[in-house]
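Structure record follows, encoded as structure tokens.
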Amino acid sequence: MRILVLGSGAREHAIVDSLLADPAGHDIVVWPGNAGIASVVRCIDAGSIADPEAVAQQVLADPVDLVVVGPEAPLIAGVADAVRERGIPVFGPSRAAARLEGSKAFAKRVMADAGIPTGRAVRAGTLEEVEAALDRLGSPHVVKADGLAAGKGVLVTADRAAALDHARTYLEEGSVLVEEHLAGEEVSLFFLSDGHTVLPLSPAQDYKRLTDGDGGPNTGGMGAYSPLPWLAGAFGDEAAFVARVRDEIARPVVAQLEREDTPFIGLLYCGLIVDGDSIRVIEFNARFGDPETQVVLPRLTTPLAPLLLAAARGELGGAPDPEFSPRAAVGVVLASEGYPEAPIVARPLTGLEAAAGVPGTRIVHAATRRSESEDVLLSSGGRVLTVVALGDDFAQARSRAYTALDRIELPGSRYRTDIAARVAP
Ligand code: AMP
Ligand code: GLY
């Protein structure tokens, strides 16, 4: 199959690795990619991937069997619509369906209409409305920008003044959402959707905060692991949990969007809070999660490309659930100095070959590029790479991931040392 993947992060590198692992063999092109992706497949740069016409022109000029859209910005800009209109299968929702991620108020409305369990939320357009909502919903306070904010638009705090300050910042750009605080364990569970039928992948847990012990600001994600052995406690086993999320959340939301004539075709990311046996939605995303994808896809044993193509063509009906290896996967993000506020970039990154030499370990690139002279690898953004290790158990996977990280040098960089520690006694 000839496949064009749009994006440049570790998520896209993990998708490419997974596509390449298929013995059927695929011809993969990535736009724009990064230095790590360019070392395994051809990368192109034909302008902005968030420009629907540019993407449509590219696939007309150089036809492919499937387009896979990695990040949310192109989806919200209507890139999938432009490709689909040209009759080319695309894994990624339309602009209308991607509002599930692009507008938190839209997502709340769809959840209410579909009867999906979630926290209470109040949309506020003025500071007075925010104050009333904070008092009504109580502490800890949760204040969110309504639109996209790369994981940084959310503040969870017991400090009312800080909550108001956060609201003030985002009110300048539009409305904010004040939400009921949901306590419990966060779980990310992905579903492939063809607009009608959904197929689950395996659950993962993401570490959103910057520092060990869940301190510091929210980030795009500092690490992840999969599977989640502790789900067995409340649900009996992982399969029972997954079936409940499918029946109570994924199917109803996909059915609701189908009824509204905006079918969701692509990856439905369910961001959940699990408390005892209660499951509620914190958010939906309209694409694979990062860094969860880096730990979920290496465990997938069913070939990925046919699944994505079947979803894009509306042909998931009757397909068996994708299968996963029971092995433990741990992913740790290496971030630049200054991340998330003001990452310092263009620093030399070394030791990757030695790191990749640790058994069961892959270095998945996010923000890397080659210097002009091509001989030096440089950092080019906040989250620079994910070290992903597989093991027979979490202790082995963790020890592999951290041994590999020890071998990587990036001045000023940081990573969390507690990823998956809770599942590795
Ligand atoms: P979001 O951008 O909606 O994914 O929120 C980012 C992170 O903020 C989530 O992963 C949670 O850790 C936290 N968060 C968001 N909403 C809530 C909520 N209602 N209750 C508790 N934590 C939340
Ligand atoms: N890991 C969080 C996200 O992808 O949005």
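Letters for chains follow the order of the structure tokens (A, B, ...), residue numbers begin at 1 for each chain, and ligand numbers begin at 1 in the order shown.
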Task: Env. residues ligand 2 / 12 Å / only C-alpha atoms and all ligand atoms / as a count of residues only - done: 59
TODO: Work out how far apart atom CA of Ala163 of chain A and atom CA of Val142 of chain A are and give it in Å to one decimal.
DONE: 7.5 Å
Task: Contact residues around Ser379 of chain A with only C-alpha atoms at 10 Å, ignoring same-chain residues under 4 positions, as a list in words - done: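 Using only C-alpha atoms, the neighbours found are Ala35, Ala335, Ser336, Pro343, Ile344, Val345, Ala346, Arg347, Pro348, Leu349, His365, Ala366, Ala367, Thr368, Arg369, Arg370, Ser371, Arg383, Val384, Leu385 and Leu410 of chain A.
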Open item on the list: I'd like the interatomic distance between atom CA of Arg168 of chain A and atom CA of Leu127 of chain A, to a tenth of an Å.
Closed with: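 Value for the atom CA of Arg168 of chain A-atom CA of Leu127 of chain A distance: 6.9 Å.
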Task: Of the listed residues A:Val274, A:Val67, A:Ala162, A:Leu19, that which approaches ligand 1 most closely, counting only C-alpha atoms and all ligand atoms - done: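 The closest residue to ligand 1 is A:Val274.
Residue-level DSSP output for segment 251-371 of chain A, from the backbone, shows alpha helix (DSSP H) at Arg251, Pro252, Val253, Val254, Ala255, Gln256, Leu257, Glu258, Arg259, Glu292, Thr293, Gln294, Val295, Val296, Leu304, Ala305, Pro306, Leu307, Leu308, Leu309, Ala310, Ala311, Ala312, Leu352, Glu353, Ala354, Ala355 and Ala356 of chain A.
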Can I get the selection written as a compact mmCIF listing (two decimals), in the first residue's frame, with N, CA, C and O atoms?
# COMPACT_ATOMS: atom_id res chain seq x y z
N ARG A 251 -19.29 3.84 21.27
CA ARG A 251 -20.42 3.61 20.34
C ARG A 251 -21.44 4.74 20.39
O ARG A 251 -21.86 5.23 19.34
N PRO A 252 -21.85 5.17 21.60
CA PRO A 252 -22.84 6.26 21.62
C PRO A 252 -22.33 7.56 20.97
O PRO A 252 -23.10 8.24 20.29
N VAL A 253 -21.07 7.92 21.15
CA VAL A 253 -20.62 9.19 20.56
C VAL A 253 -20.53 9.07 19.05
O VAL A 253 -20.92 9.99 18.31
N VAL A 254 -20.06 7.92 18.57
CA VAL A 254 -19.98 7.73 17.11
C VAL A 254 -21.38 7.68 16.50
O VAL A 254 -21.64 8.25 15.43
N ALA A 255 -22.32 7.04 17.21
CA ALA A 255 -23.71 6.99 16.72
C ALA A 255 -24.32 8.40 16.69
O ALA A 255 -25.05 8.76 15.76
N GLN A 256 -24.02 9.20 17.72
CA GLN A 256 -24.55 10.55 17.78
C GLN A 256 -24.04 11.38 16.59
O GLN A 256 -24.80 12.09 15.93
N LEU A 257 -22.74 11.28 16.31
CA LEU A 257 -22.19 12.07 15.19
C LEU A 257 -22.71 11.55 13.86
O LEU A 257 -22.91 12.33 12.92
N GLU A 258 -22.97 10.26 13.77
CA GLU A 258 -23.56 9.71 12.54
C GLU A 258 -24.97 10.27 12.34
O GLU A 258 -25.33 10.69 11.24
N ARG A 259 -25.74 10.33 13.44
CA ARG A 259 -27.10 10.90 13.37
C ARG A 259 -27.06 12.36 12.95
O ARG A 259 -27.97 12.85 12.30
N GLU A 292 0.89 8.26 24.24
CA GLU A 292 0.31 6.92 24.40
C GLU A 292 0.53 6.04 23.16
O GLU A 292 0.75 4.83 23.29
N THR A 293 0.44 6.64 21.97
CA THR A 293 0.62 5.86 20.74
C THR A 293 1.96 5.11 20.73
O THR A 293 2.06 3.99 20.24
N GLN A 294 2.98 5.76 21.29
CA GLN A 294 4.32 5.17 21.28
C GLN A 294 4.38 3.88 22.11
O GLN A 294 5.28 3.07 21.91
N VAL A 295 3.44 3.71 23.08
CA VAL A 295 3.44 2.46 23.86
C VAL A 295 2.32 1.50 23.45
O VAL A 295 2.38 0.31 23.76
N VAL A 296 1.30 2.02 22.77
CA VAL A 296 0.19 1.14 22.36
C VAL A 296 0.55 0.42 21.06
O VAL A 296 0.41 -0.81 20.95
N LEU A 304 -1.33 -2.80 11.04
CA LEU A 304 -2.02 -1.52 11.21
C LEU A 304 -2.63 -0.99 9.91
O LEU A 304 -3.76 -0.47 9.90
N ALA A 305 -1.88 -1.09 8.79
CA ALA A 305 -2.34 -0.44 7.55
C ALA A 305 -3.73 -0.91 7.10
O ALA A 305 -4.59 -0.08 6.79
N PRO A 306 -3.99 -2.23 7.08
CA PRO A 306 -5.33 -2.65 6.66
C PRO A 306 -6.44 -2.16 7.59
O PRO A 306 -7.56 -1.87 7.14
N LEU A 307 -6.13 -2.02 8.87
CA LEU A 307 -7.13 -1.50 9.81
C LEU A 307 -7.46 -0.04 9.48
O LEU A 307 -8.62 0.36 9.46
N LEU A 308 -6.41 0.76 9.24
CA LEU A 308 -6.63 2.19 8.96
C LEU A 308 -7.37 2.35 7.63
O LEU A 308 -8.27 3.20 7.51
N LEU A 309 -7.01 1.53 6.65
CA LEU A 309 -7.68 1.62 5.35
C LEU A 309 -9.15 1.21 5.47
O LEU A 309 -10.04 1.87 4.92
N ALA A 310 -9.41 0.14 6.22
CA ALA A 310 -10.80 -0.32 6.39
C ALA A 310 -11.62 0.77 7.09
O ALA A 310 -12.78 1.02 6.73
N ALA A 311 -11.03 1.43 8.08
CA ALA A 311 -11.74 2.52 8.76
C ALA A 311 -12.03 3.65 7.76
O ALA A 311 -13.16 4.15 7.68
N ALA A 312 -11.03 4.00 6.98
CA ALA A 312 -11.19 5.11 6.02
C ALA A 312 -12.27 4.80 4.99
O ALA A 312 -12.96 5.70 4.52
N LEU A 352 22.33 8.56 20.70
CA LEU A 352 21.11 7.81 20.34
C LEU A 352 21.42 6.38 19.89
O LEU A 352 20.63 5.47 20.16
N GLU A 353 22.56 6.21 19.22
CA GLU A 353 22.88 4.84 18.77
C GLU A 353 23.13 3.93 19.95
O GLU A 353 22.65 2.80 19.99
N ALA A 354 23.87 4.45 20.91
CA ALA A 354 24.15 3.66 22.12
C ALA A 354 22.84 3.35 22.83
O ALA A 354 22.62 2.23 23.32
N ALA A 355 21.95 4.33 22.88
CA ALA A 355 20.66 4.13 23.57
C ALA A 355 19.84 3.06 22.86
O ALA A 355 19.23 2.20 23.51
N ALA A 356 19.83 3.12 21.53
CA ALA A 356 19.03 2.15 20.76
C ALA A 356 19.61 0.75 20.88
O ALA A 356 18.94 -0.24 20.55
Open item on the list: Ranking A:Lys104, A:His13, A:Arg2, A:Arg84 by minimum distance to ligand 1 and counting only C-alpha atoms and all ligand atoms, which one comes first?
Closed with: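 That would be A:Lys104, the residue with the smallest distance to ligand 1.
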Task: Which residue of A:Gly147, A:Arg136, A:Ala98, A:Tyr339 approaches Gly216 of chain A most closely, using only C-alpha atoms - done: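 Nearest to Gly216 of chain A: A:Tyr339.
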